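Undergrad: My structure file target_29.pdb, PDB, C-alpha atoms and all ligand atoms, is below:
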ATOM      1  CA  MET A   1     -34.330 -23.885 -30.786  1.00  0.00           C
ATOM      2  CA  VAL A   2     -34.080 -21.133 -28.176  1.00  0.00           C
ATOM      3  CA  VAL A   3     -33.239 -23.739 -25.554  1.00  0.00           C
ATOM      4  CA  THR A   4     -30.404 -25.043 -27.716  1.00  0.00           C
ATOM      5  CA  VAL A   5     -28.962 -21.537 -28.156  1.00  0.00           C
ATOM      6  CA  LEU A   6     -29.198 -20.952 -24.406  1.00  0.00           C
ATOM      7  CA  ALA A   7     -27.548 -24.292 -23.722  1.00  0.00           C
ATOM      8  CA  ILE A   8     -24.683 -23.465 -26.099  1.00  0.00           C
ATOM      9  CA  ALA A   9     -24.279 -19.994 -24.541  1.00  0.00           C
ATOM     10  CA  PHE A  10     -24.256 -21.570 -21.104  1.00  0.00           C
ATOM     11  CA  LEU A  11     -21.605 -24.070 -22.160  1.00  0.00           C
ATOM     12  CA  ILE A  12     -19.456 -21.269 -23.601  1.00  0.00           C
ATOM     13  CA  ILE A  13     -19.743 -19.317 -20.320  1.00  0.00           C
ATOM     14  CA  ILE A  14     -18.867 -22.385 -18.245  1.00  0.00           C
ATOM     15  CA  GLY A  15     -16.001 -23.189 -20.601  1.00  0.00           C
ATOM     16  CA  SER A  16     -14.531 -19.684 -20.440  1.00  0.00           C
ATOM     17  CA  VAL A  17     -14.856 -19.537 -16.640  1.00  0.00           C
ATOM     18  CA  ALA A  18     -13.045 -22.864 -16.370  1.00  0.00           C
ATOM     19  CA  TYR A  19     -10.419 -21.717 -18.880  1.00  0.00           C
ATOM     20  CA  PHE A  20      -9.673 -18.421 -17.119  1.00  0.00           C
ATOM     21  CA  GLY A  21      -9.743 -20.114 -13.719  1.00  0.00           C
ATOM     22  CA  PHE A  22      -7.230 -22.650 -14.970  1.00  0.00           C
ATOM     23  CA  LYS A  23      -5.106 -19.874 -16.474  1.00  0.00           C
ATOM     24  CA  ALA A  24      -5.151 -17.969 -13.168  1.00  0.00           C
ATOM     25  CA  CYS A  25      -3.976 -21.099 -11.358  1.00  0.00           C
ATOM     26  CA  ILE A  26      -1.086 -21.517 -13.798  1.00  0.00           C
ATOM     27  CA  GLN A  27      -0.101 -17.872 -13.388  1.00  0.00           C
ATOM     28  CA  ARG A  28      -0.190 -18.224  -9.613  1.00  0.00           C
ATOM     29  CA  ALA A  29       2.309 -21.079  -9.665  1.00  0.00           C
ATOM     30  CA  PRO A  30       5.433 -18.912 -10.225  1.00  0.00           C
ATOM     31  CA  ASP A  31       4.369 -16.727  -7.277  1.00  0.00           C
ATOM     32  CA  ALA A  32       4.488 -19.750  -5.015  1.00  0.00           C
ATOM     33  CA  ARG A  33       7.987 -20.431  -6.248  1.00  0.00           C
ATOM     34  CA  GLU A  34       8.920 -16.770  -5.707  1.00  0.00           C
ATOM     35  CA  GLN A  35       8.145 -17.133  -2.019  1.00  0.00           C
ATOM     36  CA  GLN A  36      11.139 -19.442  -1.802  1.00  0.00           C
ATOM     37  CA  VAL A  37      13.338 -16.528  -2.825  1.00  0.00           C
ATOM     38  CA  GLU A  38      14.759 -14.196  -0.193  1.00  0.00           C
ATOM     39  CA  LYS A  39      16.967 -11.119  -0.276  1.00  0.00           C
ATOM     40  CA  CYS A  40      20.446 -11.324   1.195  1.00  0.00           C
ATOM     41  CA  ALA A  41      20.819  -9.017   4.215  1.00  0.00           C
ATOM     42  CA  ILE A  42      24.193  -7.777   2.968  1.00  0.00           C
ATOM     43  CA  CYS A  43      24.191  -7.546  -0.820  1.00  0.00           C
ATOM     44  CA  ARG A  44      20.371  -7.366  -1.256  1.00  0.00           C
ATOM     45  CA  LYS A  45      20.527  -9.826  -4.138  1.00  0.00           C
ATOM     46  CA  LYS A  46      17.768 -12.402  -4.374  1.00  0.00           C
ATOM     47  CA  PHE A  47      18.621 -16.035  -3.851  1.00  0.00           C
ATOM     48  CA  ASP A  48      16.819 -19.296  -3.250  1.00  0.00           C
ATOM     49  CA  LYS A  49      16.165 -19.759   0.467  1.00  0.00           C
ATOM     50  CA  ALA A  50      17.704 -23.239   0.300  1.00  0.00           C
ATOM     51  CA  GLU A  51      21.047 -21.721  -0.765  1.00  0.00           C
ATOM     52  CA  MET A  52      21.114 -19.193   2.044  1.00  0.00           C
ATOM     53  CA  LEU A  53      22.130 -19.106   5.657  1.00  0.00           C
ATOM     54  CA  LEU A  54      19.399 -18.079   8.086  1.00  0.00           C
ATOM     55  CA  ARG A  55      20.262 -16.334  11.313  1.00  0.00           C
ATOM     56  CA  GLU A  56      17.901 -15.131  14.010  1.00  0.00           C
ATOM     57  CA  ILE A  57      18.777 -11.717  15.405  1.00  0.00           C
ATOM     58  CA  GLY A  58      17.171 -10.965  18.740  1.00  0.00           C
ATOM     59  CA  ASP A  59      13.733 -12.443  19.287  1.00  0.00           C
ATOM     60  CA  TYR A  60      12.118 -12.067  15.901  1.00  0.00           C
ATOM     61  CA  LYS A  61      14.354 -10.731  13.159  1.00  0.00           C
ATOM     62  CA  LEU A  62      15.406 -13.289  10.606  1.00  0.00           C
ATOM     63  CA  LEU A  63      18.287 -12.464   8.320  1.00  0.00           C
ATOM     64  CA  TYR A  64      19.333 -14.372   5.256  1.00  0.00           C
ATOM     65  CA  PHE A  65      22.924 -14.365   4.065  1.00  0.00           C
ATOM     66  CA  CYS A  66      23.993 -15.616   0.681  1.00  0.00           C
ATOM     67  CA  ARG A  67      26.951 -17.938   0.244  1.00  0.00           C
ATOM     68  CA  GLU A  68      28.966 -15.241  -1.510  1.00  0.00           C
ATOM     69  CA  CYS A  69      28.628 -12.794   1.382  1.00  0.00           C
ATOM     70  CA  VAL A  70      29.376 -15.445   4.019  1.00  0.00           C
ATOM     71  CA  LEU A  71      32.566 -16.383   2.170  1.00  0.00           C
ATOM     72  CA  LYS A  72      33.432 -12.706   1.843  1.00  0.00           C
ATOM     73  CA  LEU A  73      32.968 -12.210   5.590  1.00  0.00           C
ATOM     74  CA  TYR A  74      35.074 -15.274   6.249  1.00  0.00           C
ATOM     75  CA  ALA A  75      37.816 -13.898   3.985  1.00  0.00           C
ATOM     76  CA  ASP A  76      37.638 -10.508   5.742  1.00  0.00           C
ATOM     77  CA  LEU A  77      38.031 -12.242   9.085  1.00  0.00           C
ATOM     78  CA  GLY A  78      41.025 -14.120   7.704  1.00  0.00           C
ATOM     79  CA  LEU A  79      42.659 -10.860   6.648  1.00  0.00           C
ATOM     80  CA  LYS A  80      42.202  -9.430  10.143  1.00  0.00           C
ATOM     81  CA  ASN A  81      44.020 -12.234  11.905  1.00  0.00           C
TER      82      ASN A  81
HETATM   83 ZN    ZN B 101      24.827 -11.505  -0.237  1.00  0.00          ZN
END
Take the structure from the file and write it as structure tokens.
Ligand SMILES: [Zn+2]
TA:
Amino acid sequence: MVVTVLAIAFLIIIGSVAYFGFKACIQRAPDAREQQVEKCAICRKKFDKAEMLLREIGDYKLLYFCRECVLKLYADLGLKN
């Protein structure tokens, strides 16, 4: 009888550990997706890395520019000439 109770308690512990571990994995998934998001160097808005232009400044600094800001810069250049 005692063995049965212990076995059930053990199963509950294992089950809850597995459940919370699984839950933690699910909650970690959006973080992985968030790493694909980068701030624009000009407007500081967050965009998907795939939608942005990456430029290396100097030896190490990487700057991301969003499409909106690049088009704005292009328009500003057009106004100058
Ligand atoms: Zn921008």
Undergrad: Please check which protein, DNA or RNA residues sit within 8 Å of ligand ZN 101 (chain B), counting all atoms listed in the file, and write them as a PDB file with C-alpha atoms, keeping the file's coordinate frame.
TA:
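Contents of the output file result21.pdb:
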ATOM      1  CA  LYS A  39      16.967 -11.119  -0.276  1.00  0.00           C
ATOM      2  CA  CYS A  40      20.446 -11.324   1.195  1.00  0.00           C
ATOM      3  CA  ALA A  41      20.819  -9.017   4.215  1.00  0.00           C
ATOM      4  CA  ILE A  42      24.193  -7.777   2.968  1.00  0.00           C
ATOM      5  CA  CYS A  43      24.191  -7.546  -0.820  1.00  0.00           C
ATOM      6  CA  ARG A  44      20.371  -7.366  -1.256  1.00  0.00           C
ATOM      7  CA  LYS A  45      20.527  -9.826  -4.138  1.00  0.00           C
ATOM      8  CA  PHE A  65      22.924 -14.365   4.065  1.00  0.00           C
ATOM      9  CA  CYS A  66      23.993 -15.616   0.681  1.00  0.00           C
ATOM     10  CA  ARG A  67      26.951 -17.938   0.244  1.00  0.00           C
ATOM     11  CA  GLU A  68      28.966 -15.241  -1.510  1.00  0.00           C
ATOM     12  CA  CYS A  69      28.628 -12.794   1.382  1.00  0.00           C
ATOM     13  CA  VAL A  70      29.376 -15.445   4.019  1.00  0.00           C
TER      14      VAL A  70
END
Undergrad: Just checking: using only C-alpha atoms, which residue out of A:Thr4, A:Ala50, A:Lys23, A:Lys80 ends up closest to Glu38 (chain A)?
TA: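 Comparing A:Thr4, A:Ala50, A:Lys23, A:Lys80 against Glu38 (chain A), the winner is A:Ala50.
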Undergrad: Could you spell out the hits of the PyMOL selection byres (((chain A and resi 49) around 8) and not hetatm) on the shown file, as an MDAnalysis selection string?
TA: chainID A and resid 36:38 47:48 50:53 64
Undergrad: Record the distance separating CA of Phe22 (chain A) and CA of Val5 (chain A), expressed in Å with one decimal.
TA: 25.4 Å
